[in-house]
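K.L.:
Starting off with a structure, shown below.
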Amino acid sequence: MTGAEGSLTVIGTGIRARHLTPESLDAVREADDLLYLAAEPQGGEWLERLHPNARSLEGCYVEGKDRRLVYDAMVAAILEPIRSGRKVCAAFYGHPGVFVTPSHEAVRQARAEGFPARMLPAVSAEDCLYADLGIDPGLSGRQSYEATEFLEHPRPIDRRAYLILWQISVVGERRTVSSPRHEGLAELAEALLARYPPEHEVVVYEASPYPIADAIVERLPLGALASEVVTPMATLVIPPLER
């Protein structure tokens, strides 16, 4: 049933299917259209079982295309049915506000055009990281940066706190790519070795999207990071050097 006025609700599906909050599930059920971006095929199949008008945004990705253009295409796909008076739910993997450019832009544009738009909270990879690694950021603090941003615009590092660097598989890459950029990881490792000793233990982490599988937790000395083979969803965790 089409509503009299278009609207947008952006939700996150969490890292695993059971992470979907009751509030977000209500938003899915109340929507006329569900547009989604899933990290795994099973996630997309699950969302399509939840809603009869579920459509993937995966087609916006084109190998080698500038990511900004990809995000623009996603935003356009989300706004189109809203302008036709439909209630749209846009679902993104993890938390919709964390490293998800089109979610923020879709909410901004919808509001600018006078449509009701909101974003609901969700379970993020960082939430899983704290649970899987047994880290309490309240004890020592933490600094968190996207890896390319960290490398291109260096910040002062507090070595008494955890340092978390995201998207380490595509450091320096502005295009849409399906394979890790190993030279970027080597550049990142070189920059970190200027601040930490090579023997300092770091963690390459990836949250598990499956309830029956453990998270990927690879512990290694920082000096070995440049030669590490990382997955597209990998995150680097550097524990405090000084306590």
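All residue names refer to the structure tokens as shown: chains lettered A, B, ... in order, residues numbered from 1 in each chain, ligands numbered from 1 in order.
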Leaving out segment 18-20 of chain A and any residue of its chain fewer than 5 positions from it, which residues lie within 10 Å of it when counting only C-alpha atoms, given as a ChimeraX atom specification?

P.N.:
/A:11-13,25,94,121-124,209-211

K.L.:
Among segment 64-159 of chain A, which ones does DSSP assign to strand (DSSP E) (computed from the backbone)? Answer as an MDAnalysis selection string.

P.N.:
chainID A and resid 87:92 117:119 142:146

K.L.:
Next, the residues of the selection above should be written as a compact mmCIF listing (two decimals), in the first residue's frame with all heavy atoms.

P.N.:
# COMPACT_ATOMS: atom_id res chain seq x y z
N LYS A 87 6.76 4.79 1.25
CA LYS A 87 7.54 4.69 2.48
C LYS A 87 8.69 3.72 2.23
O LYS A 87 8.46 2.53 1.97
CB LYS A 87 6.66 4.20 3.63
CG LYS A 87 5.54 5.14 4.02
CD LYS A 87 4.59 4.50 5.01
CE LYS A 87 5.27 4.14 6.31
NZ LYS A 87 4.30 3.59 7.30
N VAL A 88 9.90 4.22 2.30
CA VAL A 88 11.08 3.44 1.96
C VAL A 88 11.88 3.12 3.21
O VAL A 88 12.12 3.99 4.05
CB VAL A 88 11.96 4.18 0.94
CG1 VAL A 88 13.28 3.44 0.72
CG2 VAL A 88 11.22 4.33 -0.38
N CYS A 89 12.31 1.87 3.31
CA CYS A 89 13.27 1.46 4.33
C CYS A 89 14.55 1.08 3.60
O CYS A 89 14.53 0.22 2.70
CB CYS A 89 12.74 0.29 5.14
SG CYS A 89 13.89 -0.30 6.41
N ALA A 90 15.66 1.71 3.95
CA ALA A 90 16.96 1.40 3.36
C ALA A 90 17.79 0.70 4.42
O ALA A 90 18.07 1.25 5.48
CB ALA A 90 17.65 2.66 2.87
N ALA A 91 18.20 -0.53 4.13
CA ALA A 91 18.91 -1.35 5.11
C ALA A 91 20.36 -1.55 4.67
O ALA A 91 20.62 -1.95 3.53
CB ALA A 91 18.22 -2.71 5.26
N PHE A 92 21.28 -1.29 5.58
CA PHE A 92 22.70 -1.45 5.30
C PHE A 92 23.31 -2.40 6.32
O PHE A 92 22.91 -2.46 7.48
CB PHE A 92 23.42 -0.10 5.36
CG PHE A 92 23.02 0.85 4.28
CD1 PHE A 92 21.95 1.71 4.46
CD2 PHE A 92 23.69 0.87 3.06
CE1 PHE A 92 21.56 2.58 3.46
CE2 PHE A 92 23.31 1.74 2.06
CZ PHE A 92 22.24 2.60 2.25
N ALA A 117 12.57 11.79 7.38
CA ALA A 117 13.67 10.84 7.23
C ALA A 117 14.34 10.65 8.59
O ALA A 117 14.56 11.60 9.32
CB ALA A 117 14.68 11.33 6.20
N ARG A 118 14.70 9.41 8.89
CA ARG A 118 15.34 9.11 10.17
C ARG A 118 16.32 7.95 9.99
O ARG A 118 16.22 7.19 9.02
CB ARG A 118 14.31 8.74 11.23
CG ARG A 118 13.48 7.52 10.86
CD ARG A 118 12.51 7.12 11.95
NE ARG A 118 11.72 5.95 11.56
CZ ARG A 118 11.11 5.13 12.40
NH1 ARG A 118 11.17 5.38 13.71
NH2 ARG A 118 10.42 4.09 11.97
N MET A 119 17.25 7.84 10.93
CA MET A 119 18.20 6.72 10.96
C MET A 119 18.10 6.05 12.32
O MET A 119 18.15 6.73 13.35
CB MET A 119 19.62 7.21 10.71
CG MET A 119 20.67 6.11 10.74
SD MET A 119 22.37 6.74 10.54
CE MET A 119 22.32 7.28 8.83
N ARG A 142 40.20 4.88 23.49
CA ARG A 142 40.50 4.36 22.17
C ARG A 142 40.44 5.47 21.14
O ARG A 142 39.69 6.43 21.26
CB ARG A 142 39.57 3.22 21.81
CG ARG A 142 38.12 3.61 21.51
CD ARG A 142 37.88 3.67 20.03
NE ARG A 142 36.46 3.86 19.72
CZ ARG A 142 35.91 5.05 19.54
NH1 ARG A 142 36.63 6.14 19.70
NH2 ARG A 142 34.63 5.17 19.22
N GLN A 143 41.28 5.34 20.12
CA GLN A 143 41.24 6.22 18.96
C GLN A 143 40.83 5.37 17.77
O GLN A 143 41.29 4.23 17.62
CB GLN A 143 42.61 6.86 18.72
CG GLN A 143 43.03 7.84 19.81
CD GLN A 143 44.41 8.41 19.55
OE1 GLN A 143 45.41 7.79 19.88
NE2 GLN A 143 44.46 9.60 18.96
N SER A 144 39.98 5.90 16.91
CA SER A 144 39.43 5.12 15.82
C SER A 144 39.41 5.96 14.54
O SER A 144 38.84 7.06 14.53
CB SER A 144 38.01 4.67 16.18
OG SER A 144 37.41 3.95 15.13
N TYR A 145 40.02 5.44 13.47
CA TYR A 145 40.10 6.17 12.21
C TYR A 145 39.93 5.23 11.03
O TYR A 145 40.29 4.04 11.10
CB TYR A 145 41.46 6.87 12.06
CG TYR A 145 41.80 7.82 13.18
CD1 TYR A 145 42.76 7.48 14.14
CD2 TYR A 145 41.17 9.05 13.29
CE1 TYR A 145 43.08 8.34 15.17
CE2 TYR A 145 41.48 9.93 14.33
CZ TYR A 145 42.44 9.57 15.26
OH TYR A 145 42.75 10.42 16.29
N GLU A 146 39.41 5.75 9.94
CA GLU A 146 39.47 5.04 8.67
C GLU A 146 40.92 5.06 8.23
O GLU A 146 41.60 6.08 8.35
CB GLU A 146 38.57 5.76 7.66
CG GLU A 146 38.23 4.94 6.42
CD GLU A 146 39.29 5.04 5.35
OE1 GLU A 146 40.02 6.05 5.34
OE2 GLU A 146 39.39 4.13 4.52

K.L.:
Write out as JSON, numbers by chain which residues come within 10 Å of Ala224 of chain A when counting only C-alpha atoms, dropping same-chain ones fewer than 5 positions away.

P.N.:
{"A": [186, 189, 198, 199, 201, 202]}

K.L.:
Pick out the closest residue to Gly114 of chain A from this set: A:Leu8, A:His95, A:His200, A:Pro221. Count only C-alpha atoms.

P.N.:
A:Leu8

K.L.:
Name the closest residue to Ala125 of chain A among the candidates A:Thr231, A:Thr21, A:Ser7, A:Ser208; distances are taken between atoms, counting only C-alpha atoms.

P.N.:
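Result for the nearest residue to Ala125 of chain A: A:Ser208.
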
K.L.:
Choose the residue, out of A:Val230, A:Leu129, A:Leu192, A:Val107, that has the smallest atom-to-atom separation from Arg159 of chain A; count only C-alpha atoms.

P.N.:
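Counting only C-alpha atoms, the residue closest to Arg159 of chain A is A:Leu192.
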
K.L.:
Kindly indicate which residue among A:Ala207, A:Val75, A:Val10, A:Leu151 lies nearest to Pro116 of chain A, using only C-alpha atoms for the distances.

P.N.:
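Selected residue with least distance to Pro116 of chain A: A:Val10.
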
K.L.:
Kindly give the distance, in Å, that separates atom CA of Met74 of chain A and atom CA of Pro102 of chain A, rounded to a single decimal.

P.N.:
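Interatomic distance here is 6.5 Å.
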
K.L.:
Residues near Glu48 of chain A, anyone? I mean within 10 Å using only C-alpha atoms, not counting same-chain ones fewer than 6 positions away, as number ranges by chain.

P.N.:
A: 34-36, 42, 54-56

K.L.:
Between A:Ile238, A:Ala77, A:Leu37, A:Ala110, which one has atoms that come closest to Arg219 of chain A, using only C-alpha atoms?

P.N.:
A:Ile238

K.L.:
So that I can see what lies close to Gly172 of chain A, please list as number ranges by chain the residues with an atom at most 10 Å from it, counting only C-alpha atoms and leaving out residues fewer than 2 positions away in the same chain.

P.N.:
A: 147-149, 151-152, 168-170, 174-175, 181, 183-185, 187-188

K.L.:
Could you pull out the alpha helix (DSSP H) residues of segment 10-202 of chain A, going by DSSP on the backbone, and write them as an MDAnalysis selection string?

P.N.:
chainID A and resid 22:30 41:50 67:83 101:112 125:133 137:140 147:152 182:193

K.L.:
Using only C-alpha atoms, pick whichever of A:Arg67, A:Glu80, A:Pro239, A:Ala73 has the shortest atom-to-atom distance to Pro137 of chain A.

P.N.:
A:Pro239
